[in-house]
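Participant: Below is the file query-v5.cif, which contains mmCIF, C-alpha atoms.
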data_run
#
loop_
_atom_site.label_atom_id
_atom_site.label_comp_id
_atom_site.auth_asym_id
_atom_site.auth_seq_id
_atom_site.Cartn_x
_atom_site.Cartn_y
_atom_site.Cartn_z
CA MET A 1 122.98 124.86 105.58
CA LYS A 2 122.04 126.64 102.37
CA VAL A 3 121.70 130.42 102.42
CA VAL A 4 118.92 131.81 100.22
CA TYR A 5 118.57 135.55 99.77
CA ALA A 6 116.74 138.33 97.99
CA SER A 7 118.44 141.70 97.64
CA ARG A 8 116.96 144.77 96.00
CA ASN A 9 119.53 147.47 96.84
CA GLY A 10 122.57 145.31 97.57
CA HIS A 11 122.39 145.43 101.37
CA VAL A 12 121.29 141.82 101.81
CA GLU A 13 123.82 140.67 99.24
CA SER A 14 126.57 142.47 101.16
CA ILE A 15 125.55 140.67 104.36
CA VAL A 16 125.62 137.28 102.64
CA ASN A 17 128.99 138.00 101.01
CA ARG A 18 130.56 138.94 104.35
CA LEU A 19 129.42 135.64 105.87
CA GLU A 20 131.73 133.90 103.38
CA VAL A 21 129.39 130.94 102.91
CA THR A 22 129.58 128.84 99.77
CA ASP A 23 126.15 127.22 99.53
CA VAL A 24 124.15 130.25 98.36
CA LEU A 25 121.14 130.85 96.12
CA ARG A 26 119.87 134.28 95.10
CA ILE A 27 116.14 134.67 94.62
CA VAL A 28 115.40 136.53 91.41
CA ASP A 29 111.74 135.85 90.61
CA GLY A 30 110.76 133.30 93.23
CA THR A 31 110.63 130.29 90.91
CA GLU A 32 114.00 129.01 92.12
CA LYS A 33 114.00 125.60 93.83
CA VAL A 34 115.95 124.05 96.71
CA ASP A 35 115.76 120.49 97.95
CA GLU A 36 117.38 121.05 101.34
CA ASP A 37 116.92 123.11 104.49
CA TYR A 38 117.87 126.78 104.24
CA ILE A 39 118.06 130.15 105.97
CA ILE A 40 116.32 132.99 104.17
CA PHE A 41 117.76 136.50 104.08
CA THR A 42 115.38 139.22 102.93
CA TYR A 43 114.58 142.89 102.81
CA THR A 44 111.18 144.39 103.64
CA ASP A 45 109.08 145.73 100.78
CA GLY A 46 106.78 148.75 100.86
CA ASN A 47 105.05 149.26 104.19
CA GLY A 48 106.28 146.17 106.00
CA MET A 49 105.55 143.54 103.36
CA ILE A 50 107.38 140.37 102.41
CA PRO A 51 108.69 140.88 98.86
CA LYS A 52 106.52 139.00 96.30
CA ASN A 53 109.46 136.99 94.96
CA VAL A 54 110.29 135.86 98.50
CA GLU A 55 106.65 134.92 99.20
CA THR A 56 106.55 132.87 96.00
CA PHE A 57 109.83 131.16 96.85
CA LEU A 58 108.79 130.32 100.42
CA ALA A 59 105.46 128.88 99.28
CA ALA A 60 107.23 126.46 96.92
CA ASN A 61 110.21 125.56 99.13
CA PRO A 62 109.20 124.27 102.58
CA GLY A 63 112.68 123.85 104.13
CA VAL A 64 113.08 127.30 105.72
CA LYS A 65 114.70 127.00 109.17
CA ALA A 66 115.43 130.65 110.08
CA VAL A 67 115.24 134.20 108.75
CA VAL A 68 117.54 137.23 108.66
CA GLY A 69 116.04 140.61 107.84
CA SER A 70 117.60 143.78 106.50
CA GLY A 71 115.97 147.18 106.45
CA SER A 72 116.44 150.86 107.05
CA LEU A 73 115.73 151.84 110.64
CA SER A 74 116.01 155.55 109.83
CA ARG A 75 113.71 155.46 106.78
CA HIS A 76 111.17 152.91 108.05
CA PRO A 77 111.23 152.87 111.85
CA ASN A 78 107.59 151.79 112.15
CA THR A 79 107.94 148.81 109.79
CA PHE A 80 111.61 147.96 110.35
CA ASN A 81 112.21 144.35 109.28
CA PHE A 82 108.52 143.46 109.28
CA ALA A 83 109.18 140.91 106.51
CA ALA A 84 111.41 138.96 108.91
CA ASP A 85 108.73 139.19 111.60
CA LYS A 86 106.05 137.93 109.22
CA ILE A 87 108.17 135.06 107.90
CA SER A 88 109.08 134.06 111.44
CA GLU A 89 105.42 134.00 112.43
CA GLN A 90 104.06 132.33 109.29
CA TYR A 91 106.69 129.59 109.13
CA ASN A 92 107.37 129.25 112.86
CA VAL A 93 111.11 129.87 112.50
CA PRO A 94 113.50 132.01 114.54
CA ILE A 95 114.82 135.39 113.48
CA LEU A 96 118.61 135.16 113.63
CA CYS A 97 119.12 138.90 113.28
CA LYS A 98 117.43 142.12 112.21
CA VAL A 99 120.02 144.21 110.44
CA ASP A 100 120.02 147.94 109.71
CA MET A 101 121.00 148.26 106.04
CA GLU A 102 124.07 146.06 105.47
CA GLY A 103 124.87 145.79 109.15
CA ASN A 104 128.15 145.83 110.98
CA LYS A 105 130.71 143.35 112.33
CA TYR A 106 128.57 142.63 115.38
CA ASP A 107 125.56 141.76 113.20
CA ILE A 108 127.68 139.41 111.10
CA SER A 109 129.00 137.68 114.23
CA GLN A 110 125.41 137.31 115.55
CA ILE A 111 124.28 135.77 112.27
CA ARG A 112 127.23 133.37 112.23
CA ALA A 113 126.49 132.32 115.82
CA GLY A 114 122.83 131.77 114.98
CA MET A 115 123.71 129.71 111.93
CA ALA A 116 126.05 127.57 114.00
CA ARG A 117 123.20 126.78 116.42
CA LEU A 118 120.92 125.46 113.66
#
Step by step, read the file and then write its structure as structure tokens.
Facilitator:
Amino acid sequence: MKVVYASRNGHVESIVNRLEVTDVLRIVDGTEKVDEDYIIFTYTDGNGMIPKNVETFLAANPGVKAVVGSGSLSRHPNTFNFAADKISEQYNVPILCKVDMEGNKYDISQIRAGMARL
């Protein structure tokens, strides 16, 4: 399944790179297109918001099947990974993992296991 991601500070990109998947698309401005099912990896913007480029992408590409969120638990404990929560709710898809920053080996194994179940 295709992996689609948005990364502002490199944390999400690091997660995707460690998964060692080959079918990957990076969201830059949200106008990118996919014609297959995908898993979206995102950060949370501002006070718990879905980044605008991710919102734009999701609205134009209906094949989202799951979400992975990355955020900073220490800097934003009250809105930690709210973008993943909102995407999950709006698109009725599971959250495979909520990752603190770029995560650890356990997070990567959880994401891999979740991807295998899809």
Participant: Please compute the CA of Leu19 (chain A)-CA of Asn47 (chain A) distance, one decimal, in Å.
Facilitator: 28.0 Å
Participant: I'd like the neighbourhood of Glu32 (chain A) as a PyMOL selection string, where a residue qualifies if any of its atoms comes within 12 Å (using all atoms listed in the file), though same-chain residues fewer than 3 positions away should be ignored.
Facilitator: chain A and resi 4-6+24-29+35+53-61
Participant: What lies within 8 Å of Asn81 (chain A) using all atoms listed in the file, ignoring chain neighbours under 2 positions off, as an MDAnalysis selection string?
Facilitator: chainID A and resid 43:44 48 69:71 79 83:85 98:99
Participant: Those same residues, written as an mmCIF file, in the frame of the given file with C-alpha atoms?
Facilitator:
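selection24.cif written:
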data_model
loop_
_atom_site.group_PDB
_atom_site.id
_atom_site.type_symbol
_atom_site.label_atom_id
_atom_site.label_comp_id
_atom_site.auth_asym_id
_atom_site.auth_seq_id
_atom_site.Cartn_x
_atom_site.Cartn_y
_atom_site.Cartn_z
ATOM 1 C CA TYR A 43 114.580 142.890 102.810
ATOM 2 C CA THR A 44 111.180 144.390 103.640
ATOM 3 C CA GLY A 48 106.280 146.170 106.000
ATOM 4 C CA GLY A 69 116.040 140.610 107.840
ATOM 5 C CA SER A 70 117.600 143.780 106.500
ATOM 6 C CA GLY A 71 115.970 147.180 106.450
ATOM 7 C CA THR A 79 107.940 148.810 109.790
ATOM 8 C CA ALA A 83 109.180 140.910 106.510
ATOM 9 C CA ALA A 84 111.410 138.960 108.910
ATOM 10 C CA ASP A 85 108.730 139.190 111.600
ATOM 11 C CA LYS A 98 117.430 142.120 112.210
ATOM 12 C CA VAL A 99 120.020 144.210 110.440
#
Participant: Please measure the separation of CA of Val64 (chain A) and CA of Met101 (chain A), giving the value in Å to one decimal.
Facilitator: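 Separation of CA of Val64 (chain A) and CA of Met101 (chain A): 22.4 Å.
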Participant: Quick one: distance from CA of Leu118 (chain A) to CA of Lys2 (chain A) in Å, one decimal?
Facilitator: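 According to the coordinates, CA of Leu118 (chain A) and CA of Lys2 (chain A) are separated by 11.4 Å.
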Participant: Which neighbours of region 86-94 of chain A fall inside 7 Å, counting only C-alpha atoms, when residues of the same chain fewer than 2 positions from it are skipped, and could you give them as a ChimeraX atom specification?
Facilitator: /A:65-67,82-84,96
Participant: Taking the file as I've supplied it (selection: the PyMOL selection byres ((chain A and resi 115) around 10)), which residues are included? Please answer as a list in words.
Facilitator: Met1, Val3, Ile39, Lys65, Ala66, Leu96, Ser109, Gln110, Ile111, Arg112, Ala113, Gly114, Ala116, Arg117 and Leu118 of chain A
Participant: Counting all atoms listed in the file, which of A:Asp100, A:Arg8, A:Ile108, A:Pro62 gets nearest to Asp45 (chain A)?
Facilitator: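 Smallest distance to Asp45 (chain A) is found for A:Arg8.
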Participant: Using only C-alpha atoms, pick whichever of A:Thr42, A:Thr31, A:Ser14, A:Asn78 has the shortest atom-to-atom distance to Asn104 (chain A).
Facilitator: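 Of the candidates, the smallest distance to Asn104 (chain A) is held by A:Ser14.
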Participant: Nearest to Glu36 (chain A): which of A:Phe80, A:Gly63, A:Leu73, A:Ile50 is it, counting only C-alpha atoms?
Facilitator: A:Gly63
Participant: So, counting all atoms listed in the file, which residue among A:Tyr106, A:Phe41, A:His76, A:Cys97 is closest to His11 (chain A)?
Facilitator: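 Among the listed residues, A:Phe41 lies closest to His11 (chain A).
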Participant: Counting all atoms listed in the file, which of A:Lys33, A:Lys52, A:Arg18, A:Arg75 gets nearest to Lys105 (chain A)?
Facilitator: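 Checking each of A:Lys33, A:Lys52, A:Arg18, A:Arg75 against Lys105 (chain A), counting all atoms listed in the file, the winner is A:Arg18.
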Participant: Any chance you could build region 92-113 of chain A out to N, CA and C atoms and write it as a PDB file, keeping the file's coordinate frame?
Facilitator:
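Final output, saved to rebuild20.pdb:
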ATOM      1  N   ASN A  92     106.942 129.708 111.541  1.00  0.00           N
ATOM      2  CA  ASN A  92     107.370 129.250 112.860  1.00  0.00           C
ATOM      3  C   ASN A  92     108.876 128.981 112.923  1.00  0.00           C
ATOM      4  N   VAL A  93     109.648 129.972 112.486  1.00  0.00           N
ATOM      5  CA  VAL A  93     111.110 129.870 112.500  1.00  0.00           C
ATOM      6  C   VAL A  93     111.694 131.055 113.248  1.00  0.00           C
ATOM      7  N   PRO A  94     112.895 130.897 113.810  1.00  0.00           N
ATOM      8  CA  PRO A  94     113.500 132.010 114.540  1.00  0.00           C
ATOM      9  C   PRO A  94     114.064 133.089 113.612  1.00  0.00           C
ATOM     10  N   ILE A  95     114.117 134.292 114.145  1.00  0.00           N
ATOM     11  CA  ILE A  95     114.820 135.390 113.480  1.00  0.00           C
ATOM     12  C   ILE A  95     116.236 135.390 114.033  1.00  0.00           C
ATOM     13  N   LEU A  96     117.218 135.169 113.170  1.00  0.00           N
ATOM     14  CA  LEU A  96     118.610 135.160 113.630  1.00  0.00           C
ATOM     15  C   LEU A  96     119.122 136.559 113.895  1.00  0.00           C
ATOM     16  N   CYS A  97     118.648 137.531 113.106  1.00  0.00           N
ATOM     17  CA  CYS A  97     119.120 138.900 113.280  1.00  0.00           C
ATOM     18  C   CYS A  97     118.255 139.836 112.447  1.00  0.00           C
ATOM     19  N   LYS A  98     118.033 141.031 112.971  1.00  0.00           N
ATOM     20  CA  LYS A  98     117.430 142.120 112.210  1.00  0.00           C
ATOM     21  C   LYS A  98     118.517 143.156 112.019  1.00  0.00           C
ATOM     22  N   VAL A  99     118.861 143.402 110.773  1.00  0.00           N
ATOM     23  CA  VAL A  99     120.020 144.210 110.440  1.00  0.00           C
ATOM     24  C   VAL A  99     119.589 145.550 109.852  1.00  0.00           C
ATOM     25  N   ASP A 100     120.225 146.621 110.291  1.00  0.00           N
ATOM     26  CA  ASP A 100     120.020 147.940 109.710  1.00  0.00           C
ATOM     27  C   ASP A 100     120.921 148.064 108.491  1.00  0.00           C
ATOM     28  N   MET A 101     120.292 148.158 107.334  1.00  0.00           N
ATOM     29  CA  MET A 101     121.000 148.260 106.040  1.00  0.00           C
ATOM     30  C   MET A 101     121.878 147.026 105.831  1.00  0.00           C
ATOM     31  N   GLU A 102     123.194 147.219 105.672  1.00  0.00           N
ATOM     32  CA  GLU A 102     124.070 146.060 105.470  1.00  0.00           C
ATOM     33  C   GLU A 102     124.750 145.603 106.759  1.00  0.00           C
ATOM     34  N   GLY A 103     124.384 146.234 107.852  1.00  0.00           N
ATOM     35  CA  GLY A 103     124.870 145.790 109.150  1.00  0.00           C
ATOM     36  C   GLY A 103     126.308 146.133 109.440  1.00  0.00           C
ATOM     37  N   ASN A 104     126.780 145.588 110.550  1.00  0.00           N
ATOM     38  CA  ASN A 104     128.150 145.830 110.980  1.00  0.00           C
ATOM     39  C   ASN A 104     128.787 144.506 111.418  1.00  0.00           C
ATOM     40  N   LYS A 105     129.997 144.573 111.932  1.00  0.00           N
ATOM     41  CA  LYS A 105     130.710 143.350 112.330  1.00  0.00           C
ATOM     42  C   LYS A 105     129.952 142.584 113.409  1.00  0.00           C
ATOM     43  N   TYR A 106     129.329 143.297 114.326  1.00  0.00           N
ATOM     44  CA  TYR A 106     128.570 142.630 115.380  1.00  0.00           C
ATOM     45  C   TYR A 106     127.398 141.838 114.793  1.00  0.00           C
ATOM     46  N   ASP A 107     126.673 142.450 113.839  1.00  0.00           N
ATOM     47  CA  ASP A 107     125.560 141.760 113.200  1.00  0.00           C
ATOM     48  C   ASP A 107     126.029 140.479 112.509  1.00  0.00           C
ATOM     49  N   ILE A 108     127.138 140.575 111.802  1.00  0.00           N
ATOM     50  CA  ILE A 108     127.680 139.410 111.100  1.00  0.00           C
ATOM     51  C   ILE A 108     128.047 138.313 112.100  1.00  0.00           C
ATOM     52  N   SER A 109     128.646 138.691 113.220  1.00  0.00           N
ATOM     53  CA  SER A 109     129.000 137.680 114.230  1.00  0.00           C
ATOM     54  C   SER A 109     127.736 137.054 114.833  1.00  0.00           C
ATOM     55  N   GLN A 110     126.675 137.839 115.025  1.00  0.00           N
ATOM     56  CA  GLN A 110     125.410 137.310 115.550  1.00  0.00           C
ATOM     57  C   GLN A 110     124.779 136.327 114.559  1.00  0.00           C
ATOM     58  N   ILE A 111     124.836 136.665 113.283  1.00  0.00           N
ATOM     59  CA  ILE A 111     124.280 135.770 112.270  1.00  0.00           C
ATOM     60  C   ILE A 111     125.075 134.466 112.224  1.00  0.00           C
ATOM     61  N   ARG A 112     126.382 134.579 112.228  1.00  0.00           N
ATOM     62  CA  ARG A 112     127.230 133.370 112.230  1.00  0.00           C
ATOM     63  C   ARG A 112     126.915 132.480 113.435  1.00  0.00           C
ATOM     64  N   ALA A 113     126.789 133.094 114.602  1.00  0.00           N
ATOM     65  CA  ALA A 113     126.490 132.320 115.820  1.00  0.00           C
ATOM     66  C   ALA A 113     125.114 131.646 115.691  1.00  0.00           C
TER      67      ALA A 113
END
